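Undergrad: Here you go, model_7.cif (mmCIF, C-alpha atoms):
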```
data_coords
loop_
_atom_site.label_atom_id
_atom_site.label_comp_id
_atom_site.auth_asym_id
_atom_site.auth_seq_id
_atom_site.Cartn_x
_atom_site.Cartn_y
_atom_site.Cartn_z
CA MET S 19 -148.82 -154.86 78.12
CA ARG S 20 -150.10 -153.52 81.41
CA THR S 21 -153.68 -152.24 81.46
CA ASP S 22 -154.42 -152.28 85.19
CA PRO S 23 -154.60 -148.81 86.75
CA VAL S 24 -151.65 -147.73 88.89
CA ALA S 25 -151.39 -144.80 91.28
CA ALA S 26 -149.33 -141.94 89.88
CA THR S 27 -149.09 -138.16 89.76
CA VAL S 28 -150.15 -136.49 86.53
CA VAL S 29 -149.01 -133.02 85.52
CA ARG S 30 -150.67 -131.50 82.49
CA ILE S 31 -148.83 -128.60 80.87
CA GLY S 32 -150.60 -126.25 78.47
CA ILE S 33 -149.01 -123.50 76.38
CA VAL S 34 -150.77 -120.15 76.81
CA ALA S 35 -152.14 -118.62 73.58
CA PRO S 36 -150.13 -120.85 71.19
CA SER S 37 -152.16 -119.90 68.11
CA ARG S 38 -151.55 -116.15 68.39
CA GLY S 39 -149.13 -115.48 65.56
CA ARG S 40 -150.10 -118.71 63.79
CA THR S 41 -147.82 -121.58 62.82
CA ALA S 42 -144.39 -120.03 63.26
CA ARG S 43 -145.07 -118.96 66.83
CA ALA S 44 -146.75 -122.26 67.73
CA VAL S 45 -143.73 -124.19 66.45
CA HIS S 46 -141.34 -121.91 68.35
CA LEU S 47 -143.28 -122.33 71.60
CA GLY S 48 -143.45 -126.11 71.20
CA VAL S 49 -139.72 -126.37 70.60
CA THR S 50 -139.06 -124.08 73.58
CA LEU S 51 -141.27 -126.19 75.84
CA ASP S 52 -139.38 -129.34 74.83
CA ALA S 53 -136.09 -127.62 75.67
CA VAL S 54 -137.44 -126.37 79.01
CA LEU S 55 -138.57 -129.87 79.98
CA ASP S 56 -135.23 -131.37 78.93
CA GLU S 57 -133.48 -128.86 81.19
CA VAL S 58 -135.86 -129.53 84.07
CA PHE S 59 -135.40 -133.31 83.86
CA GLU S 60 -131.63 -132.89 83.99
CA HIS S 61 -132.05 -131.18 87.38
CA VAL S 62 -134.53 -133.58 88.99
CA PRO S 63 -132.87 -134.79 92.23
CA VAL S 64 -131.27 -138.21 91.89
CA PRO S 65 -133.61 -139.93 94.41
CA TYR S 66 -136.60 -138.96 92.24
CA ARG S 67 -135.14 -139.92 88.86
CA SER S 68 -136.67 -143.04 87.39
CA PRO S 69 -137.27 -144.59 83.97
CA THR S 70 -140.93 -144.82 84.98
CA TRP S 71 -141.48 -141.10 84.34
CA PHE S 72 -143.55 -140.73 81.17
CA ARG S 73 -143.78 -137.63 78.98
CA ARG S 74 -146.25 -137.30 76.13
CA PRO S 75 -146.35 -134.21 73.88
CA GLU S 76 -149.81 -133.53 72.45
CA GLY S 77 -149.75 -130.49 70.20
CA ASP S 78 -149.96 -127.45 72.46
CA ASN S 79 -149.93 -129.61 75.59
CA THR S 80 -147.64 -132.10 77.29
CA THR S 81 -148.64 -134.67 79.88
CA LEU S 82 -146.24 -136.00 82.51
CA VAL S 83 -146.89 -139.18 84.48
CA ILE S 84 -144.70 -139.27 87.58
CA PRO S 85 -144.27 -142.43 89.69
CA PRO S 86 -145.75 -142.48 93.22
CA THR S 87 -142.25 -142.72 94.71
CA VAL S 88 -141.84 -139.02 93.91
CA PRO S 89 -143.47 -137.06 96.75
CA ARG S 90 -146.42 -134.93 95.73
CA ARG S 91 -145.03 -132.12 97.86
CA TRP S 92 -141.92 -132.07 95.67
CA VAL S 93 -144.03 -132.00 92.52
CA ALA S 94 -145.92 -128.94 93.81
CA THR S 95 -142.75 -127.19 94.97
CA GLY S 96 -139.50 -128.57 93.53
CA LEU S 97 -140.75 -129.44 90.05
CA VAL S 98 -142.66 -126.17 89.75
CA ALA S 99 -139.58 -124.23 90.92
CA LEU S 100 -137.40 -125.99 88.32
CA LEU S 101 -139.92 -125.10 85.62
CA ASP S 102 -140.07 -121.50 86.79
CA ASP S 103 -136.26 -121.17 86.73
CA ALA S 104 -135.99 -122.71 83.27
CA LEU S 105 -138.77 -120.49 81.92
CA ARG S 106 -137.14 -117.40 83.37
CA ARG S 107 -133.86 -118.22 81.63
CA ARG S 108 -135.52 -119.01 78.30
CA ASN S 109 -137.78 -115.96 78.34
CA ARG S 110 -135.18 -113.49 79.55
CA HIS S 111 -134.16 -112.35 76.06
CA LEU S 112 -137.47 -112.88 74.28
CA ASN S 113 -140.14 -110.35 73.44
CA GLU S 114 -143.81 -110.94 74.17
CA PHE S 115 -144.30 -112.73 70.85
CA GLY S 116 -141.70 -115.38 71.64
CA ARG S 117 -142.28 -115.72 75.38
CA LEU S 118 -143.39 -119.13 76.65
CA ARG S 119 -146.07 -119.12 79.36
CA LEU S 120 -147.57 -122.29 80.83
CA ARG S 121 -150.69 -123.51 82.59
CA LEU S 122 -149.89 -126.37 85.00
CA ALA S 123 -152.43 -128.79 86.44
CA ALA S 124 -151.72 -131.68 88.82
CA ASP S 125 -153.68 -134.63 90.16
CA HIS S 126 -152.77 -137.93 91.80
CA GLY S 127 -154.82 -141.02 91.18
CA ASP S 128 -155.44 -143.93 88.81
CA VAL S 129 -153.47 -144.00 85.57
CA VAL S 130 -153.67 -146.74 82.95
CA LEU S 131 -150.30 -147.20 81.25
CA ARG S 132 -150.12 -148.42 77.67
CA PRO S 133 -146.82 -146.86 76.55
CA PRO S 134 -146.51 -144.64 74.67
CA TYR S 135 -150.13 -143.94 75.60
CA PHE S 136 -151.81 -143.57 78.95
CA GLY S 137 -155.19 -142.64 80.33
CA GLY S 138 -157.28 -142.95 83.45
CA ALA S 139 -159.12 -140.75 85.91
CA ALA S 140 -156.10 -138.71 86.99
CA VAL S 141 -155.15 -137.94 83.40
CA ALA S 142 -158.69 -136.86 82.57
CA LEU S 143 -158.99 -134.60 85.61
CA ALA S 144 -155.60 -133.00 84.96
CA VAL S 145 -156.72 -132.20 81.42
CA TRP S 146 -159.95 -130.59 82.64
CA LEU S 147 -158.10 -128.55 85.24
CA CYS S 148 -155.52 -127.37 82.72
CA GLU S 149 -158.26 -126.27 80.31
CA SER S 150 -160.40 -124.64 83.00
CA GLU S 151 -161.51 -121.07 82.45
CA VAL S 152 -160.50 -120.15 85.99
CA LEU S 153 -156.86 -121.03 85.27
CA LYS S 154 -156.93 -119.29 81.88
CA ALA S 155 -158.44 -116.19 83.49
CA ALA S 156 -155.80 -116.20 86.23
CA MET S 157 -153.03 -116.31 83.63
CA ALA S 158 -154.65 -113.47 81.68
CA ALA S 159 -154.95 -111.40 84.87
CA SER S 160 -151.25 -111.93 85.70
CA PRO S 161 -149.33 -111.19 82.49
CA GLU S 162 -146.09 -110.84 84.44
CA VAL S 163 -145.97 -114.53 85.47
CA ASP S 164 -144.59 -117.32 83.30
CA GLN S 165 -146.69 -120.09 84.85
CA LEU S 166 -149.46 -120.86 87.32
CA LEU S 167 -150.46 -124.12 88.98
CA ILE S 168 -153.87 -125.59 89.74
CA VAL S 169 -154.23 -128.85 91.69
CA SER S 170 -157.10 -131.21 92.36
CA ASP S 171 -158.79 -131.32 95.74
CA ARG S 172 -157.31 -134.73 96.58
CA PHE S 173 -153.81 -133.60 95.58
CA HIS S 174 -154.21 -130.48 97.71
CA ALA S 175 -155.48 -132.48 100.71
CA ALA S 176 -152.41 -134.73 100.57
CA VAL S 177 -149.85 -131.90 100.62
CA ILE S 178 -151.42 -128.85 102.22
CA ASP S 179 -149.89 -129.47 105.65
CA GLU S 180 -146.46 -129.11 104.01
CA LEU S 181 -147.23 -126.07 101.83
CA ASP S 182 -148.08 -122.42 102.32
CA ALA S 183 -151.86 -122.80 102.61
CA ALA S 184 -152.46 -119.08 102.06
CA ALA S 185 -150.91 -119.34 98.59
CA PHE S 186 -153.80 -121.44 97.24
CA ARG S 187 -157.43 -120.46 96.83
CA ARG S 188 -160.39 -122.78 96.42
CA VAL S 189 -162.11 -122.78 93.04
CA VAL S 190 -164.73 -124.91 91.31
CA VAL S 191 -164.23 -126.12 87.75
CA PRO S 192 -166.39 -128.10 85.29
CA ALA S 193 -165.05 -131.60 84.72
CA GLY S 194 -166.75 -134.20 82.54
CA GLY S 195 -170.27 -132.96 83.21
CA GLU S 196 -169.62 -132.60 86.93
CA ARG S 197 -168.09 -129.83 89.02
CA GLU S 198 -164.83 -130.41 90.84
CA ILE S 199 -163.22 -128.52 93.70
CA ALA S 200 -159.67 -127.46 92.86
CA TRP S 201 -157.01 -125.19 94.32
CA LEU S 202 -155.37 -122.42 92.33
CA ALA S 203 -151.96 -121.04 93.22
CA ASP S 204 -152.06 -117.26 93.48
CA ARG S 205 -148.40 -116.96 92.55
CA PRO S 206 -145.90 -119.10 90.60
CA ASP S 207 -143.88 -120.03 93.72
CA ALA S 208 -146.87 -121.04 95.83
CA GLY S 209 -145.74 -123.29 98.63
CA THR S 210 -142.03 -122.93 97.88
CA ARG S 211 -141.23 -120.05 100.20
CA ASN S 212 -139.57 -122.33 102.79
CA THR S 213 -138.36 -125.07 100.49
CA ALA S 214 -134.80 -125.65 99.36
CA ALA S 215 -133.90 -126.59 95.78
CA ASP S 216 -133.50 -130.26 96.70
CA GLY S 217 -137.03 -130.40 98.10
CA GLY S 218 -135.94 -130.25 101.75
CA LEU S 219 -136.76 -127.49 104.18
CA ALA S 220 -134.62 -124.43 103.79
CA PRO S 221 -133.01 -122.97 106.90
CA SER S 222 -135.12 -120.29 108.53
#
```
As structure tokens, what does this structure read like?
TA:
Amino acid sequence: MRTDPVAATVVRIGIVAPSRGRTARAVHLGVTLDAVLDEVFEHVPVPYRSPTWFRRPEGDNTTLVIPPTVPRRWVATGLVALLDDALRRRNRHLNEFGRLRLRLAADHGDVVLRPPYFGGAAVALAVWLCESEVLKAAMAASPEVDQLLIVSDRFHAAVIDELDAAAFRRVVVPAGGEREIAWLADRPDAGTRNTAADGGLAPS
């Protein structure tokens, strides 16, 4: 069993307001999230598909560990776009009670794999970012959006030259007794304006 840390991208997904409406709604949202992720994974481009993707449901949250062979730029653009499309289809015929909305948080760094469990610095930071009040407040202030993304400073530094820099704003979040710089997307499609569905540049 491997316990040495490996470099990977971590995406933490949190369901917005799962307890409103109690058990029945929480169960519905959890089932819907599983279906959304199944749909998304079916549409991941072939070059990025790998059995070394890990997915761990944890109550109202799900953690993805994505191998380093998948470009971080694609995670911030292609994966987020796939999630947005799947959410739009699932939510299209649902009222506000049944609508699934998600907080997304991404980091890239050390992950310790002990399948089906994993941990490490990147997992911890992604959790803190996903639970940050700044992300929760942004979702509350934008009730029309189905998801918003926050990324760590190191993730942002690695991809910002390939994204729409104006779409992210700098924030500071508490993380394990410290304060971390992070970058919050101001819209669900941040950075995807000039990106094709396969992760390549769209024609201008």
Undergrad: Taking (-160.2, -127.5, 85.8) in the file's coordinates as the center, which residues reach within 8 Å of it, counting only C-alpha atoms, put as a list in words?
TA: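 Within 8 Å of (-160.2, -127.5, 85.8), the protein and nucleic acid residues are Ala123, Leu143, Ala144, Val145, Trp146, Leu147, Cys148, Glu149, Ser150, Glu151, Val152, Leu153, Ile168, Val190, Val191, Pro192, Ala193, Glu198 and Ala200 of chain S.
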Undergrad: For those residues, write C-alpha atoms to a file as a short mmCIF file (atom, residue, chain, number, x, y, z; two decimals), in the frame of the given file.
TA:
```cif
data_model
loop_
_atom_site.label_atom_id
_atom_site.label_comp_id
_atom_site.auth_asym_id
_atom_site.auth_seq_id
_atom_site.Cartn_x
_atom_site.Cartn_y
_atom_site.Cartn_z
CA ALA S 123 -152.43 -128.79 86.44
CA LEU S 143 -158.99 -134.60 85.61
CA ALA S 144 -155.60 -133.00 84.96
CA VAL S 145 -156.72 -132.20 81.42
CA TRP S 146 -159.95 -130.59 82.64
CA LEU S 147 -158.10 -128.55 85.24
CA CYS S 148 -155.52 -127.37 82.72
CA GLU S 149 -158.26 -126.27 80.31
CA SER S 150 -160.40 -124.64 83.00
CA GLU S 151 -161.51 -121.07 82.45
CA VAL S 152 -160.50 -120.15 85.99
CA LEU S 153 -156.86 -121.03 85.27
CA ILE S 168 -153.87 -125.59 89.74
CA VAL S 190 -164.73 -124.91 91.31
CA VAL S 191 -164.23 -126.12 87.75
CA PRO S 192 -166.39 -128.10 85.29
CA ALA S 193 -165.05 -131.60 84.72
CA GLU S 198 -164.83 -130.41 90.84
CA ALA S 200 -159.67 -127.46 92.86
#
```
Undergrad: Could you give me, as a list in words, the residues within 12 Å of His61 (chain S), counting all atoms listed in the file and dropping anything in the same chain fewer than 2 positions from it?
TA: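 The filter keeps Val54, Leu55, Asp56, Glu57, Val58, Phe59, Pro63, Val64, Pro65, Tyr66, Arg67, Gly96, Leu97, Val98, Ala99, Leu100, Leu101, Asp103, Ala104, Ala215, Asp216 and Gly217 of chain S.
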Undergrad: Residues of the last selection are to be written out with C-alpha atoms, as a PDB file, keeping the file's coordinate frame.
TA:
```pdb
ATOM      1  CA  VAL S  54    -137.440-126.370  79.010  1.00  0.00           C
ATOM      2  CA  LEU S  55    -138.570-129.870  79.980  1.00  0.00           C
ATOM      3  CA  ASP S  56    -135.230-131.370  78.930  1.00  0.00           C
ATOM      4  CA  GLU S  57    -133.480-128.860  81.190  1.00  0.00           C
ATOM      5  CA  VAL S  58    -135.860-129.530  84.070  1.00  0.00           C
ATOM      6  CA  PHE S  59    -135.400-133.310  83.860  1.00  0.00           C
ATOM      7  CA  PRO S  63    -132.870-134.790  92.230  1.00  0.00           C
ATOM      8  CA  VAL S  64    -131.270-138.210  91.890  1.00  0.00           C
ATOM      9  CA  PRO S  65    -133.610-139.930  94.410  1.00  0.00           C
ATOM     10  CA  TYR S  66    -136.600-138.960  92.240  1.00  0.00           C
ATOM     11  CA  ARG S  67    -135.140-139.920  88.860  1.00  0.00           C
ATOM     12  CA  GLY S  96    -139.500-128.570  93.530  1.00  0.00           C
ATOM     13  CA  LEU S  97    -140.750-129.440  90.050  1.00  0.00           C
ATOM     14  CA  VAL S  98    -142.660-126.170  89.750  1.00  0.00           C
ATOM     15  CA  ALA S  99    -139.580-124.230  90.920  1.00  0.00           C
ATOM     16  CA  LEU S 100    -137.400-125.990  88.320  1.00  0.00           C
ATOM     17  CA  LEU S 101    -139.920-125.100  85.620  1.00  0.00           C
ATOM     18  CA  ASP S 103    -136.260-121.170  86.730  1.00  0.00           C
ATOM     19  CA  ALA S 104    -135.990-122.710  83.270  1.00  0.00           C
ATOM     20  CA  ALA S 215    -133.900-126.590  95.780  1.00  0.00           C
ATOM     21  CA  ASP S 216    -133.500-130.260  96.700  1.00  0.00           C
ATOM     22  CA  GLY S 217    -137.030-130.400  98.100  1.00  0.00           C
TER      23      GLY S 217
END
```
Undergrad: As an exercise, work out the distance from CA of Ala35 (chain S) to CA of Phe136 (chain S) in Å and give it to one decimal place.
TA: 25.5 Å
Undergrad: With the PyMOL selection byres ((chain S and resi 81) around 10) as the selection, what would be picked from this file? Answer as a ChimeraX atom specification, please.
TA: /S:28-32,72-76,79-80,82-84,122-124,136,141,144-145
Undergrad: Take the residues that were just selected and, keeping C-alpha atoms, output them as a compact mmCIF listing (two decimals), in the frame of the given file.
TA:
```txt
# COMPACT_ATOMS: atom_id res chain seq x y z
CA VAL S 28 -150.15 -136.49 86.53
CA VAL S 29 -149.01 -133.02 85.52
CA ARG S 30 -150.67 -131.50 82.49
CA ILE S 31 -148.83 -128.60 80.87
CA GLY S 32 -150.60 -126.25 78.47
CA PHE S 72 -143.55 -140.73 81.17
CA ARG S 73 -143.78 -137.63 78.98
CA ARG S 74 -146.25 -137.30 76.13
CA PRO S 75 -146.35 -134.21 73.88
CA GLU S 76 -149.81 -133.53 72.45
CA ASN S 79 -149.93 -129.61 75.59
CA THR S 80 -147.64 -132.10 77.29
CA LEU S 82 -146.24 -136.00 82.51
CA VAL S 83 -146.89 -139.18 84.48
CA ILE S 84 -144.70 -139.27 87.58
CA LEU S 122 -149.89 -126.37 85.00
CA ALA S 123 -152.43 -128.79 86.44
CA ALA S 124 -151.72 -131.68 88.82
CA PHE S 136 -151.81 -143.57 78.95
CA VAL S 141 -155.15 -137.94 83.40
CA ALA S 144 -155.60 -133.00 84.96
CA VAL S 145 -156.72 -132.20 81.42
```
Undergrad: For region 46-52 of chain S, take all atoms listed in the file, fit an axis-aligned box around them, add 8 Å to each of the six sides, then output centre and edge lengths in Å rounded to one decimal, as JSON.
TA:
```
{"center_x": -141.3, "center_y": -125.6, "center_z": 72.1, "size_x": 20.4, "size_y": 23.4, "size_z": 23.5}
```
Undergrad: Between S:Leu181, S:Ala142, S:Ala159, S:Leu51, single out the one closest to Leu120 (chain S), counting all atoms listed in the file.
TA: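 Between S:Leu181, S:Ala142, S:Ala159, S:Leu51, the residue approaching Leu120 (chain S) most closely is S:Leu51.
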